[in-house]
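Asks: What follows is the file protein-v8.tsv, containing TSV, C-alpha atoms and all ligand atoms:
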chain	number	residue	atom	x	y	z
A	1	MET	CA	102.38	90.24	84.04
A	2	HIS	CA	101.20	86.63	84.10
A	3	ARG	CA	98.09	85.75	86.12
A	4	PRO	CA	98.50	81.94	85.99
A	5	THR	CA	101.89	82.33	87.66
A	6	ALA	CA	100.30	84.66	90.21
A	7	PHE	CA	97.87	81.87	91.09
A	8	GLU	CA	100.76	79.44	91.51
A	9	ALA	CA	102.37	81.99	93.83
A	10	LEU	CA	99.13	82.38	95.78
A	11	ARG	CA	98.97	78.63	96.40
A	12	ALA	CA	102.68	78.17	97.11
A	13	THR	CA	103.22	77.22	100.74
A	14	GLY	CA	106.96	77.82	101.07
A	15	PRO	CA	108.03	81.47	101.46
A	16	ASP	CA	110.97	81.10	99.07
A	17	GLU	CA	108.77	79.58	96.36
A	18	LYS	CA	106.05	82.18	96.90
A	19	ILE	CA	108.57	85.02	96.60
A	20	ARG	CA	110.14	83.59	93.45
A	21	LEU	CA	106.77	83.07	91.76
A	22	ALA	CA	105.46	86.50	92.85
A	23	HIS	CA	108.47	88.17	91.20
A	24	GLU	CA	108.04	85.92	88.15
A	25	ALA	CA	104.33	86.76	87.78
A	26	HIS	CA	105.24	90.44	87.73
A	27	ASP	CA	108.28	90.15	85.48
A	28	ALA	CA	106.76	87.84	82.86
A	29	GLY	CA	106.36	89.60	79.55
A	30	ARG	CA	107.95	92.86	80.65
A	31	PRO	CA	110.40	94.39	78.20
A	32	ARG	CA	113.86	93.80	79.60
A	33	GLN	CA	115.86	96.45	77.78
A	34	LEU	CA	116.44	98.45	80.95
A	35	HIS	CA	118.50	95.63	82.43
A	36	GLU	CA	120.22	94.29	79.36
A	37	GLY	CA	122.45	96.95	77.92
A	38	HIS	CA	122.08	98.85	74.66
A	39	GLU	CA	121.46	96.52	71.80
A	40	GLY	CA	119.57	97.36	68.62
A	41	ASP	CA	115.83	97.11	68.18
A	42	GLU	CA	116.08	93.63	66.77
A	43	GLY	CA	117.77	92.29	69.88
A	44	HIS	CA	115.27	94.11	72.04
A	45	GLU	CA	112.34	92.53	70.26
A	46	ARG	CA	113.87	89.07	70.51
A	47	ARG	CA	114.24	89.41	74.26
A	48	GLN	CA	110.62	90.47	74.60
A	49	VAL	CA	109.53	87.36	72.77
A	50	ASP	CA	111.92	85.28	74.88
A	51	ALA	CA	110.25	86.72	77.94
A	52	ALA	CA	106.91	85.18	76.94
A	53	PRO	CA	105.94	82.38	79.33
A	54	ASP	CA	106.00	78.87	77.89
A	55	GLY	CA	103.02	78.07	75.74
A	56	GLN	CA	101.81	81.67	75.57
A	57	PRO	CA	101.41	83.30	72.18
A	58	ALA	CA	103.72	86.26	71.72
A	59	ASP	CA	101.96	89.44	70.72
A	60	VAL	CA	104.80	90.79	68.67
A	61	PRO	CA	103.30	93.52	66.44
A	62	GLY	CA	104.50	96.80	67.88
A	63	GLY	CA	106.75	94.88	70.22
A	64	HIS	CA	105.03	96.12	73.39
A	65	HIS	CA	103.56	92.91	74.74
A	66	ALA	CA	105.26	89.57	74.99
A	67	ALA	CA	102.02	87.74	75.75
A	68	MET	CA	98.31	88.47	75.64
A	69	PRO	CA	97.32	88.85	79.27
A	70	ASP	CA	94.61	86.47	80.48
A	71	LEU	CA	92.01	88.84	81.92
A	72	ASP	CA	88.91	86.64	82.03
A	73	THR	CA	89.88	83.67	84.15
A	74	VAL	CA	88.91	83.65	87.81
A	75	TRP	CA	91.21	81.76	90.17
A	76	GLN	CA	89.96	81.44	93.72
A	77	VAL	CA	91.34	79.93	96.87
A	78	ASP	CA	89.59	79.59	100.22
A	79	ALA	CA	92.93	80.11	101.90
A	80	PRO	CA	96.29	81.00	100.36
A	81	GLY	CA	99.34	78.75	100.66
A	82	ARG	CA	101.36	79.35	103.79
A	83	PRO	CA	104.04	77.43	105.66
A	84	GLU	CA	103.16	75.29	108.71
A	85	ARG	CA	104.84	77.86	110.88
A	86	PRO	CA	104.14	80.49	112.17
A	87	ARG	CA	101.38	78.92	114.21
A	88	LEU	CA	98.24	81.03	113.79
A	89	VAL	CA	96.41	82.05	116.96
A	90	HIS	CA	93.61	84.44	117.84
A	91	PRO	CA	94.88	88.05	117.67
A	92	ALA	CA	94.33	88.48	121.41
A	93	ARG	CA	96.62	85.49	122.07
A	94	VAL	CA	99.65	86.79	120.17
A	95	PRO	CA	102.10	87.50	123.03
A	96	ARG	CA	103.06	91.17	123.41
A	97	ARG	CA	106.66	91.81	124.34
A	98	GLY	CA	108.42	95.06	125.11
A	99	LEU	CA	111.25	96.30	122.91
A	100	ALA	CA	113.83	96.42	125.70
A	101	THR	CA	114.99	92.87	124.95
A	102	PRO	CA	116.42	91.40	121.72
A	103	LEU	CA	113.61	88.82	121.82
A	104	GLY	CA	110.99	91.58	121.97
A	105	ARG	CA	112.53	93.40	119.03
A	106	ALA	CA	112.78	90.19	116.99
A	107	ALA	CA	109.11	89.45	117.77
A	108	LEU	CA	108.14	92.86	116.41
A	109	VAL	CA	110.19	92.37	113.22
A	110	HIS	CA	108.53	88.94	112.90
A	111	ALA	CA	105.06	90.48	113.28
A	112	ILE	CA	105.79	92.98	110.49
A	113	ALA	CA	107.28	90.22	108.29
A	114	HIS	CA	104.04	88.27	108.80
A	115	ILE	CA	102.00	91.28	107.69
A	116	GLU	CA	104.14	91.49	104.54
A	117	PHE	CA	103.71	87.76	103.92
A	118	ASN	CA	99.95	88.26	104.07
A	119	ALA	CA	100.27	91.33	101.88
A	120	ILE	CA	101.88	89.18	99.14
A	121	ASN	CA	98.82	86.91	99.21
A	122	LEU	CA	96.37	89.81	99.29
A	123	ALA	CA	97.96	91.48	96.26
A	124	LEU	CA	98.10	88.20	94.31
A	125	ASP	CA	94.49	87.50	95.22
A	126	ALA	CA	93.40	90.97	94.06
A	127	SER	CA	94.55	89.94	90.57
A	128	CYS	CA	93.62	86.23	90.56
A	129	ARG	CA	90.10	86.45	91.94
A	130	PHE	CA	88.61	89.27	89.90
A	131	ALA	CA	87.88	89.05	86.19
A	132	GLY	CA	86.51	91.83	84.00
A	133	MET	CA	89.17	94.33	85.02
A	134	PRO	CA	91.61	96.06	82.63
A	135	ALA	CA	95.13	94.75	82.11
A	136	ALA	CA	96.47	97.79	83.97
A	137	TYR	CA	94.63	96.67	87.12
A	138	HIS	CA	96.36	93.28	87.07
A	139	ALA	CA	99.71	94.84	86.21
A	140	ASP	CA	99.33	97.12	89.25
A	141	TRP	CA	98.49	94.33	91.70
A	142	LEU	CA	101.17	91.98	90.43
A	143	ARG	CA	103.72	94.80	90.75
A	144	ILE	CA	102.50	95.33	94.30
A	145	ALA	CA	102.73	91.57	95.04
A	146	SER	CA	106.33	91.67	93.88
A	147	GLU	CA	107.06	94.68	96.14
A	148	GLU	CA	105.41	92.94	99.10
A	149	ALA	CA	107.64	89.94	98.38
A	150	LEU	CA	110.65	92.26	98.54
A	151	HIS	CA	109.42	93.73	101.86
A	152	PHE	CA	109.02	90.24	103.29
A	153	SER	CA	112.49	89.23	102.06
A	154	LEU	CA	114.14	92.30	103.63
A	155	LEU	CA	112.47	91.65	106.98
A	156	ARG	CA	113.16	87.92	106.93
A	157	GLU	CA	116.82	88.57	106.17
A	158	HIS	CA	116.94	90.98	109.10
A	159	LEU	CA	115.15	88.49	111.35
A	160	ARG	CA	117.88	85.98	110.52
A	161	ARG	CA	120.53	88.56	111.43
A	162	LEU	CA	118.76	88.81	114.80
A	163	GLY	CA	119.13	85.04	115.24
A	164	HIS	CA	115.56	84.07	114.34
A	165	ASP	CA	113.51	83.17	111.28
A	166	TYR	CA	110.00	83.53	109.92
A	167	GLY	CA	107.85	81.02	111.80
A	168	ASP	CA	109.63	81.34	115.17
A	169	PHE	CA	106.81	83.37	116.76
A	170	GLU	CA	103.04	83.02	116.80
A	171	ALA	CA	100.95	85.16	114.48
A	172	HIS	CA	97.32	85.84	113.60
A	173	ASP	CA	95.28	85.65	110.41
A	174	GLY	CA	93.37	88.95	110.55
A	175	LEU	CA	94.43	90.22	107.14
A	176	TRP	CA	93.22	87.23	105.15
A	177	GLU	CA	89.90	87.54	106.95
A	178	MET	CA	89.33	90.87	105.18
A	179	ALA	CA	90.25	89.27	101.85
A	180	TRP	CA	87.65	86.61	102.55
A	181	LEU	CA	84.94	89.09	103.50
A	182	THR	CA	85.49	91.00	100.25
A	183	ARG	CA	85.95	87.91	98.04
A	184	ASN	CA	82.89	88.54	95.86
A	185	ASP	CA	83.27	92.24	95.16
A	186	VAL	CA	86.31	93.94	93.71
A	187	LEU	CA	84.93	97.36	94.68
A	188	ALA	CA	84.65	96.27	98.34
A	189	ARG	CA	88.15	94.80	98.13
A	190	MET	CA	89.62	98.09	96.87
A	191	ALA	CA	87.64	100.06	99.45
A	192	LEU	CA	88.57	98.02	102.48
A	193	VAL	CA	91.98	96.44	101.93
A	194	PRO	CA	94.20	99.19	100.44
A	195	ARG	CA	92.07	102.14	101.58
A	196	VAL	CA	91.61	100.93	105.18
A	197	LEU	CA	94.10	98.20	106.12
A	198	GLU	CA	97.13	99.30	104.10
A	199	ALA	CA	96.34	102.95	104.83
A	200	ARG	CA	96.42	102.10	108.54
A	201	GLY	CA	99.99	100.95	107.92
A	202	LEU	CA	100.86	104.47	106.74
A	203	ASP	CA	99.72	105.84	110.11
A	204	VAL	CA	101.51	103.37	112.37
A	205	THR	CA	104.76	102.67	110.50
A	206	PRO	CA	106.64	105.90	111.47
A	207	GLY	CA	106.00	105.26	115.18
A	208	ILE	CA	107.18	101.64	114.97
A	209	ARG	CA	110.19	102.76	112.96
A	210	ASP	CA	111.13	105.34	115.63
A	211	ARG	CA	110.70	102.87	118.48
A	212	LEU	CA	112.99	100.34	116.80
A	213	ALA	CA	115.53	103.09	115.99
A	214	SER	CA	115.51	104.34	119.58
A	215	HIS	CA	116.31	100.80	120.73
A	216	GLY	CA	119.33	100.72	118.42
A	217	ASP	CA	117.90	98.79	115.45
A	218	ALA	CA	118.91	101.18	112.66
A	219	THR	CA	118.64	98.44	110.01
A	220	ALA	CA	114.99	97.78	110.83
A	221	ALA	CA	114.36	101.54	110.69
A	222	THR	CA	115.90	101.74	107.22
A	223	ILE	CA	113.79	98.81	106.00
A	224	LEU	CA	110.63	100.43	107.37
A	225	ASP	CA	111.49	103.72	105.62
A	226	ARG	CA	111.66	101.85	102.33
A	227	ILE	CA	108.42	99.99	103.04
A	228	LEU	CA	106.55	103.20	103.89
A	229	GLN	CA	107.48	104.76	100.53
A	230	ASP	CA	106.17	101.72	98.65
A	231	GLU	CA	103.02	101.51	100.79
A	232	ILE	CA	102.05	105.09	99.91
A	233	ASN	CA	102.00	103.91	96.33
A	234	HIS	CA	99.98	100.78	97.17
A	235	VAL	CA	97.30	102.86	98.89
A	236	ALA	CA	97.34	105.31	95.96
A	237	THR	CA	96.78	102.37	93.60
A	238	GLY	CA	93.85	101.18	95.71
A	239	ASN	CA	92.39	104.67	95.75
A	240	ARG	CA	92.71	104.93	91.98
A	241	TRP	CA	90.95	101.63	91.29
A	242	PHE	CA	88.27	102.32	93.90
A	243	MET	CA	87.45	105.61	92.15
A	244	TRP	CA	87.59	103.94	88.74
A	245	LEU	CA	85.12	101.25	89.85
A	246	CYS	CA	82.78	103.80	91.43
A	247	GLU	CA	82.75	105.70	88.16
A	248	ARG	CA	82.17	102.55	86.09
A	249	GLU	CA	79.26	101.54	88.31
A	250	ALA	CA	77.95	105.09	88.66
A	251	ARG	CA	78.23	105.08	92.43
A	252	ASP	CA	79.09	107.99	94.67
A	253	PRO	CA	82.52	107.13	96.18
A	254	LYS	CA	81.82	108.76	99.53
A	255	ALA	CA	78.45	107.07	100.03
A	256	GLU	CA	79.79	103.74	98.75
A	257	PHE	CA	82.76	103.79	101.13
A	258	ALA	CA	80.49	104.66	104.06
A	259	ARG	CA	78.07	101.87	103.11
A	260	LEU	CA	80.84	99.25	102.94
A	261	LEU	CA	82.36	100.33	106.25
A	262	GLU	CA	78.99	100.12	107.92
A	263	LEU	CA	78.30	96.72	106.41
A	264	LEU	CA	81.44	95.32	108.03
A	265	ASP	CA	81.20	97.46	111.16
A	266	MET	CA	84.54	99.16	110.49
A	267	LYS	CA	85.93	102.64	110.92
A	268	ALA	CA	87.80	104.21	108.01
A	269	ALA	CA	90.74	105.33	110.16
A	270	ARG	CA	91.85	105.80	113.71
A	271	PRO	CA	93.77	108.96	114.59
A	272	PRO	CA	96.53	109.97	114.85
A	273	LEU	CA	96.86	109.84	111.08
A	274	ASN	CA	99.92	110.27	108.90
A	275	ARG	CA	98.51	113.24	107.05
A	276	PRO	CA	101.35	113.81	104.53
A	277	ALA	CA	101.44	110.11	103.61
A	278	ARG	CA	97.67	109.92	103.27
A	279	LEU	CA	97.59	113.03	101.08
A	280	ALA	CA	100.37	111.55	98.94
A	281	ALA	CA	98.30	108.34	98.69
A	282	GLY	CA	95.37	110.25	97.20
A	283	PHE	CA	93.06	110.83	100.15
A	284	THR	CA	91.59	114.33	100.17
A	285	ALA	CA	92.12	116.92	102.93
A	286	PRO	CA	88.38	116.98	103.81
A	287	GLU	CA	88.36	113.16	104.10
A	288	ILE	CA	91.34	113.26	106.44
A	289	ASP	CA	89.81	116.14	108.44
A	290	GLY	CA	86.68	114.06	108.90
A	291	TRP	CA	88.61	111.05	110.21
A	292	GLU	CA	90.79	113.15	112.47
A	293	GLY	CA	87.61	114.44	114.06
A	294	ALA	CA	86.37	110.89	114.58
A	295	ASP	CA	86.87	109.58	118.08
A	296	ALA	CA	85.64	105.99	117.93
A	297	PRO	CA	88.39	103.37	117.54
A	298	MET	CA	88.55	101.32	114.35
A	299	ARG	CA	87.48	97.72	114.64
A	300	ALA	CA	88.97	95.67	111.86
B	1	FE	FE	104.45	95.90	102.17
B	2	FE	FE	101.37	97.11	100.54
Take the structure I supplied and represent it as structure tokens, if you would.
Replies:
Amino acid sequence: MHRPTAFEALRATGPDEKIRLAHEAHDAGRPRQLHEGHEGDEGHERRQVDAAPDGQPADVPGGHHAAMPDLDTVWQVDAPGRPERPRLVHPARVPRRGLATPLGRAALVHAIAHIEFNAINLALDASCRFAGMPAAYHADWLRIASEEALHFSLLREHLRRLGHDYGDFEAHDGLWEMAWLTRNDVLARMALVPRVLEARGLDVTPGIRDRLASHGDATAATILDRILQDEINHVATGNRWFMWLCEREARDPKAEFARLLELLDMKAARPPLNRPARLAAGFTAPEIDGWEGADAPMRA
């Protein structure tokens, strides 16, 4: 876990560079014994020290940390690095195409790839922007950034198989908007990005997966299955840190969530919900019951 590298990744404009740095920010300082065979303790310790980023002191005693994590620095961007393409347009102006044509299916894969690209930035930003959080918080969000980078890579690779690439279609910037609105408050960020936006992904992904499968795109379906499993964990992580922050600040989680939603004029969820996935992600049955009874559409 290396926050300075995460900030480099956040600012990187090229997708390949962003992906490489996102993986690097997560991998830095992690013990590598799982990938490097069965050598003795001495060799293990040496590799941990080797894994320390340049210029960082190695925290060798005990051998559990290659570098002291930097937890106090705040790194902020007004907008994350992104390539010139895709061209960003108002959400209402992103063309909607049916899935009957190869172009329509590629456009859908592109739209999901764009969400994953934004998700890399959101996860990196969750670590870079907020100081005063435990090392485990940063380790969680840099792991998630690395997983989002993998999701993006899988979808981009598939898009290329379909004869297109990331940037070929127009896209919108709605996800970063929520990062911006929650830029000053880590509790609001945890409440509204993983618990609302990423959780919404749990609800809609199975339907998108089935539509792509029914139009013959089994590869896209397999990728979306993988993504859904990881996303359950991302939402669970957001739930965990939201509860942790509520406890630290002696706030009632239910009232706090309701207050934040009202502040931004948002709904927590829009049925139909993916109940098993939401339960697995740490939402409670009464919470889900409440949202399933809600009839007003979410505005986010
Ligand atoms: Fe993802
Ligand atoms: Fe995610």
Asks: If we count all atoms listed in the file, what is near region 100-110 of chain A at a cut-off of 7 Å, once residues fewer than 6 positions away on the same chain are taken out, given as number ranges by chain?
Replies: A: 155, 159, 162, 166, 169
Asks: Within 10 Å of ligand FE 2 (chain B), counting all atoms listed in the file: which residues, as a PDB file with C-alpha atoms, in the frame of the given file?
Replies:
ATOM      1  CA  ILE A 115     102.000  91.280 107.690  1.00  0.00           C
ATOM      2  CA  GLU A 116     104.140  91.490 104.540  1.00  0.00           C
ATOM      3  CA  ASN A 118      99.950  88.260 104.070  1.00  0.00           C
ATOM      4  CA  ALA A 119     100.270  91.330 101.880  1.00  0.00           C
ATOM      5  CA  ILE A 120     101.880  89.180  99.140  1.00  0.00           C
ATOM      6  CA  LEU A 122      96.370  89.810  99.290  1.00  0.00           C
ATOM      7  CA  ALA A 123      97.960  91.480  96.260  1.00  0.00           C
ATOM      8  CA  TRP A 141      98.490  94.330  91.700  1.00  0.00           C
ATOM      9  CA  ILE A 144     102.500  95.330  94.300  1.00  0.00           C
ATOM     10  CA  ALA A 145     102.730  91.570  95.040  1.00  0.00           C
ATOM     11  CA  SER A 146     106.330  91.670  93.880  1.00  0.00           C
ATOM     12  CA  GLU A 147     107.060  94.680  96.140  1.00  0.00           C
ATOM     13  CA  GLU A 148     105.410  92.940  99.100  1.00  0.00           C
ATOM     14  CA  ALA A 149     107.640  89.940  98.380  1.00  0.00           C
ATOM     15  CA  HIS A 151     109.420  93.730 101.860  1.00  0.00           C
ATOM     16  CA  VAL A 193      91.980  96.440 101.930  1.00  0.00           C
ATOM     17  CA  PRO A 194      94.200  99.190 100.440  1.00  0.00           C
ATOM     18  CA  LEU A 197      94.100  98.200 106.120  1.00  0.00           C
ATOM     19  CA  GLU A 198      97.130  99.300 104.100  1.00  0.00           C
ATOM     20  CA  ALA A 199      96.340 102.950 104.830  1.00  0.00           C
ATOM     21  CA  GLY A 201      99.990 100.950 107.920  1.00  0.00           C
ATOM     22  CA  LEU A 202     100.860 104.470 106.740  1.00  0.00           C
ATOM     23  CA  ILE A 227     108.420  99.990 103.040  1.00  0.00           C
ATOM     24  CA  LEU A 228     106.550 103.200 103.890  1.00  0.00           C
ATOM     25  CA  GLN A 229     107.480 104.760 100.530  1.00  0.00           C
ATOM     26  CA  ASP A 230     106.170 101.720  98.650  1.00  0.00           C
ATOM     27  CA  GLU A 231     103.020 101.510 100.790  1.00  0.00           C
ATOM     28  CA  ILE A 232     102.050 105.090  99.910  1.00  0.00           C
ATOM     29  CA  ASN A 233     102.000 103.910  96.330  1.00  0.00           C
ATOM     30  CA  HIS A 234      99.980 100.780  97.170  1.00  0.00           C
ATOM     31  CA  VAL A 235      97.300 102.860  98.890  1.00  0.00           C
ATOM     32  CA  THR A 237      96.780 102.370  93.600  1.00  0.00           C
ATOM     33  CA  GLY A 238      93.850 101.180  95.710  1.00  0.00           C
TER      34      GLY A 238
END
Asks: Counting all atoms listed in the file, figure out which residue out of A:Asp225, A:Asp70, A:Asp265, A:Glu247 gets nearest to ligand FE 1 (chain B).
Replies: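 Ranking A:Asp225, A:Asp70, A:Asp265, A:Glu247 by distance to ligand FE 1 (chain B), first place goes to A:Asp225.
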Asks: For Met133 (chain A), list every protein, DNA or RNA residue within 12 Å, evaluated using all atoms listed in the file, and leave out those in the same chain fewer than 3 positions away; present the list as a PyMOL selection string.
Replies: chain A and resi 69-74+126-130+136-141+185-187+241-242+244-245+248
Asks: Considering all atoms listed in the file, can you say which of A:Leu260, A:Thr5, A:Thr284, A:Arg11 comes closest to Glu24 (chain A)?
Replies: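 Smallest distance to Glu24 (chain A) is found for A:Thr5.
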Asks: List every protein, DNA or RNA residue that has an atom no more than 10 Å from (123.1, 93.9, 106.8) in the file's coordinate frame, counting all atoms listed in the file, and report them as a PyMOL selection string.
Replies: chain A and resi 154+157-158+161+219-220
